[in-house]
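Next comes work-v9.cif, a file with mmCIF, C-alpha atoms.
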data_protein
#
loop_
_atom_site.label_atom_id
_atom_site.label_comp_id
_atom_site.auth_asym_id
_atom_site.auth_seq_id
_atom_site.Cartn_x
_atom_site.Cartn_y
_atom_site.Cartn_z
CA MET A 141 -63.75 14.20 4.29
CA LYS A 142 -62.22 11.18 2.50
CA SER A 143 -63.06 10.48 -1.08
CA PHE A 144 -64.61 7.22 -2.20
CA PHE A 145 -61.26 6.13 -3.66
CA GLN A 146 -59.40 6.64 -0.35
CA LYS A 147 -62.04 4.65 1.60
CA SER A 148 -61.99 1.73 -0.83
CA CYS A 149 -58.17 1.54 -0.92
CA CYS A 150 -58.02 1.41 2.87
CA GLY A 151 -60.61 -1.38 2.84
CA CYS A 152 -58.63 -3.24 0.17
CA LEU A 153 -55.44 -3.00 2.20
CA VAL A 154 -57.13 -4.25 5.37
CA GLY A 155 -58.78 -7.07 3.43
CA THR A 156 -55.48 -8.07 1.79
CA VAL A 157 -53.60 -8.08 5.10
CA GLY A 158 -56.42 -10.05 6.70
CA LEU A 159 -56.36 -12.60 3.89
CA PHE A 160 -52.58 -12.93 4.18
CA VAL A 161 -52.81 -13.51 7.96
CA LEU A 162 -55.55 -16.10 7.43
CA ILE A 163 -53.48 -17.99 4.82
CA LEU A 164 -50.36 -17.87 7.01
CA ALA A 165 -52.31 -19.17 10.03
CA SER A 166 -53.77 -21.97 7.90
CA VAL A 167 -50.33 -23.07 6.69
CA ILE A 168 -48.92 -23.07 10.22
CA ALA A 169 -51.97 -24.91 11.62
CA SER A 170 -51.83 -27.53 8.87
CA ALA A 171 -48.38 -28.68 10.08
CA TRP A 172 -50.10 -29.56 13.38
CA LEU A 173 -53.47 -30.73 12.12
CA TRP A 174 -52.69 -32.44 8.79
CA PRO A 175 -49.08 -33.67 8.66
CA GLU A 176 -50.06 -36.04 5.84
CA ALA A 177 -50.62 -33.02 3.60
CA TRP A 178 -46.94 -32.20 4.06
CA GLY A 179 -45.76 -35.73 3.20
CA SER A 180 -45.38 -37.12 6.73
CA ARG A 181 -47.29 -40.09 8.18
CA ASP A 182 -46.76 -41.21 11.79
CA LEU A 183 -46.34 -45.00 12.01
CA GLY A 184 -45.82 -44.97 15.79
CA ASN A 185 -42.91 -45.05 18.23
CA GLY A 186 -41.06 -42.22 16.46
CA ILE A 187 -41.14 -43.89 13.02
CA TYR A 188 -42.49 -41.95 10.02
CA LEU A 189 -43.28 -42.56 6.38
CA MET A 190 -41.89 -39.47 4.68
CA ASP A 191 -42.09 -38.24 1.10
CA PHE A 192 -38.58 -37.95 -0.26
CA ASP A 193 -36.85 -37.69 -3.60
CA PRO A 194 -37.11 -40.02 -5.60
CA GLY A 195 -39.79 -41.73 -3.50
CA PRO A 196 -41.13 -42.26 0.04
CA ILE A 197 -38.88 -43.66 2.80
CA ILE A 198 -39.25 -44.80 6.41
CA VAL A 199 -37.29 -42.73 8.94
CA LYS A 200 -36.78 -42.37 12.66
CA GLY A 201 -38.00 -38.79 12.95
CA SER A 202 -35.64 -36.15 14.30
CA THR A 203 -36.72 -32.84 12.70
CA PHE A 204 -40.27 -31.60 13.12
CA ASN A 205 -42.51 -28.68 12.22
CA GLY A 206 -45.55 -29.13 14.42
CA ARG A 207 -46.45 -32.80 14.09
CA THR A 208 -44.95 -32.98 10.60
CA CYS A 209 -41.70 -34.94 10.33
CA ASN A 210 -39.31 -33.05 8.05
CA GLY A 211 -36.27 -35.29 8.49
CA GLY A 212 -34.68 -38.19 10.26
CA ASP A 213 -32.41 -41.17 9.97
CA ARG A 214 -33.30 -43.54 7.15
CA ILE A 215 -34.46 -47.03 8.16
CA ILE A 216 -36.18 -48.42 5.02
CA PRO A 217 -34.71 -48.63 2.48
CA ARG A 218 -31.33 -48.64 4.20
CA ASN A 219 -29.30 -47.55 1.20
CA ASN A 220 -29.58 -44.04 -0.14
CA GLY A 221 -29.13 -45.03 -3.76
CA ARG A 222 -25.32 -44.97 -3.79
CA GLU A 223 -25.11 -48.76 -4.08
CA TYR A 224 -27.34 -48.69 -7.14
CA LYS A 225 -26.15 -45.46 -8.78
CA SER A 226 -24.05 -47.08 -11.52
CA GLU A 227 -27.01 -49.28 -12.47
CA ARG A 228 -29.60 -46.47 -12.13
CA LEU A 229 -31.62 -48.44 -9.58
CA VAL A 230 -33.85 -46.80 -6.99
CA GLU A 231 -35.71 -48.40 -4.07
CA PHE A 232 -38.58 -46.58 -2.41
CA VAL A 233 -41.59 -47.35 -0.22
CA GLU A 234 -44.73 -48.21 -2.14
CA ASP A 235 -46.94 -48.75 0.92
CA ALA A 236 -46.68 -49.00 4.70
CA LYS A 237 -49.09 -49.96 7.46
CA SER A 238 -48.70 -50.01 11.21
CA SER A 239 -50.33 -51.48 14.28
CA LYS A 240 -49.40 -51.12 17.95
CA ARG A 241 -46.61 -53.68 17.66
CA TRP A 242 -45.69 -53.96 13.96
CA ILE A 243 -44.97 -51.98 10.82
CA ILE A 244 -45.21 -53.71 7.47
CA VAL A 245 -43.63 -52.10 4.43
CA LYS A 246 -43.72 -52.87 0.73
CA THR A 247 -40.92 -51.35 -1.36
CA VAL A 248 -40.27 -51.40 -5.06
CA LEU A 249 -36.92 -51.50 -6.83
CA VAL A 250 -37.01 -49.55 -10.08
CA LYS A 251 -34.54 -49.43 -12.94
CA ASP A 252 -34.98 -46.83 -15.67
CA ARG A 253 -38.58 -46.24 -14.50
CA SER A 254 -39.46 -49.95 -14.78
CA GLU A 255 -40.29 -52.01 -11.71
CA ILE A 256 -37.94 -54.97 -11.36
CA LEU A 257 -38.47 -56.24 -7.79
CA LYS A 258 -40.77 -55.85 -4.79
CA LYS A 259 -39.38 -56.25 -1.28
CA PHE A 260 -41.28 -56.63 1.97
CA TYR A 261 -40.19 -55.53 5.42
CA LEU A 262 -41.48 -56.42 8.87
CA MET A 263 -40.52 -54.06 11.70
CA ASP A 264 -41.08 -54.91 15.35
CA LYS A 265 -41.80 -51.67 17.25
CA ASN A 266 -40.65 -53.19 20.54
CA PHE A 267 -37.89 -50.61 21.15
CA THR A 268 -37.57 -47.39 23.12
CA LYS A 269 -37.85 -43.99 21.48
CA ASP A 270 -34.18 -43.25 22.18
CA THR A 271 -33.00 -46.37 20.29
CA PRO A 272 -30.74 -45.26 17.40
CA ALA A 273 -31.98 -45.81 13.83
CA ASP A 274 -29.04 -48.12 13.01
CA SER A 275 -29.94 -50.35 15.93
CA ILE A 276 -33.61 -50.40 14.88
CA ALA A 277 -32.66 -51.34 11.31
CA LEU A 278 -30.33 -54.13 12.44
CA ARG A 279 -32.32 -55.65 15.30
CA HIS A 280 -35.97 -54.89 14.58
CA VAL A 281 -36.33 -55.00 10.77
CA THR A 282 -36.52 -58.15 8.66
CA CYS A 283 -36.39 -57.93 4.86
CA PHE A 284 -38.07 -60.43 2.53
CA ASN A 285 -37.35 -60.66 -1.18
CA ASP A 286 -40.47 -62.73 -1.84
CA SER A 287 -44.05 -62.33 -0.73
CA ILE A 288 -44.55 -65.99 0.24
CA SER A 289 -41.96 -66.00 3.04
CA PHE A 290 -43.20 -62.57 4.16
CA ILE A 291 -46.79 -63.83 4.40
CA GLU A 292 -45.73 -67.02 6.23
CA THR A 293 -43.70 -65.03 8.78
CA CYS A 294 -46.54 -62.57 9.31
CA LYS A 295 -49.03 -65.42 9.87
CA LEU A 296 -46.65 -67.05 12.32
CA LYS A 297 -46.29 -63.78 14.29
CA LYS A 298 -50.03 -62.96 13.90
CA VAL A 299 -49.39 -59.73 11.98
CA ASP A 300 -52.31 -58.33 9.97
CA ILE A 301 -51.05 -57.91 6.41
CA SER A 302 -54.17 -56.63 4.70
CA TRP A 303 -53.01 -53.70 2.61
#
I'd like the structure from this file rewritten - as structure tokens, please.
Amino acid sequence: MKSFFQKSCCGCLVGTVGLFVLILASVIASAWLWPEAWGSRDLGNGIYLMDFDPGPIIVKGSTFNGRTCNGGDRIIPRNNGREYKSERLVEFVEDAKSSKRWIIVKTVLVKDRSEILKKFYLMDKNFTKDTPADSIALRHVTCFNDSISFIETCKLKKVDISW
């Protein structure tokens, strides 16, 4: 006959293993069910807003865990900081929105933790999923350094720009 201590230890072990399995299953399921929790937002047609260091970027997704995009080829901003390194400038995505046909992106250029410029991008999603990221960036993305020309272009193309 088992003592009370032996019965309770066995129950603790089973409970601990069960809890571990439940947590592991939740983590794995979250990559499928809630990719946003892992820093990945699907903007459509293989394009993702992805959390990155030092800030969010837009990529053409190529590495996935479930529905969570873990990597891809950078589209916005195009540079990876090398052009700005000597001046300690960083550009990252502040906000992005997508529809069936368009993606609109607002980026911010920061120097020494102070915002110095906002840029706006308009991306036409009229390309195939096998189109390379460089081709998308060159042929389907337009950059605006001022909000007025961005708004005028969006109105002309009937793009909803409500953030």
Contacts of A:Ile215 at 12 Å (only C-alpha atoms; same-chain gap of 6+ positions) as an NGL selection string: :A and (186-190 or 196-201 or 232-233 or 243 or 245 or 261-263 or 272-283)
Judged by all atoms listed in the file, the minimum distance to A:Ile216 among A:Lys251, A:Lys246, A:Lys297, A:Lys269 is found for A:Lys246
Please return the centre and edge lengths, in Å to one decimal, of a box with edges along x, y and z that contains all listed atoms of stretch 192-197 of chain A, widened by 4 Å on every side, as JSON.
{"center_x": -39.0, "center_y": -40.7, "center_z": -1.4, "size_x": 12.3, "size_y": 14.0, "size_z": 16.4}
I need every residue sitting at most 8 Å from the point (-38.5, -55.7, -4.3) (coordinates as in the file, all atoms listed in the file considered), written as a PyMOL selection string. chain A and resi 231+246-249+256-260+285-286
Could you tell me how far atom CA of A:Lys265 lies from atom CA of A:Ile244, in Å and to one decimal?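 The value is 10.6 Å.
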Could you please determine the separation between atom CA of A:Asp182 and atom CA of A:Asp300 in Å, to one decimal place? 18.1 Å
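Interatomic distance, atom CA of A:Arg207 to atom CA of A:Arg181: 9.4 Å.
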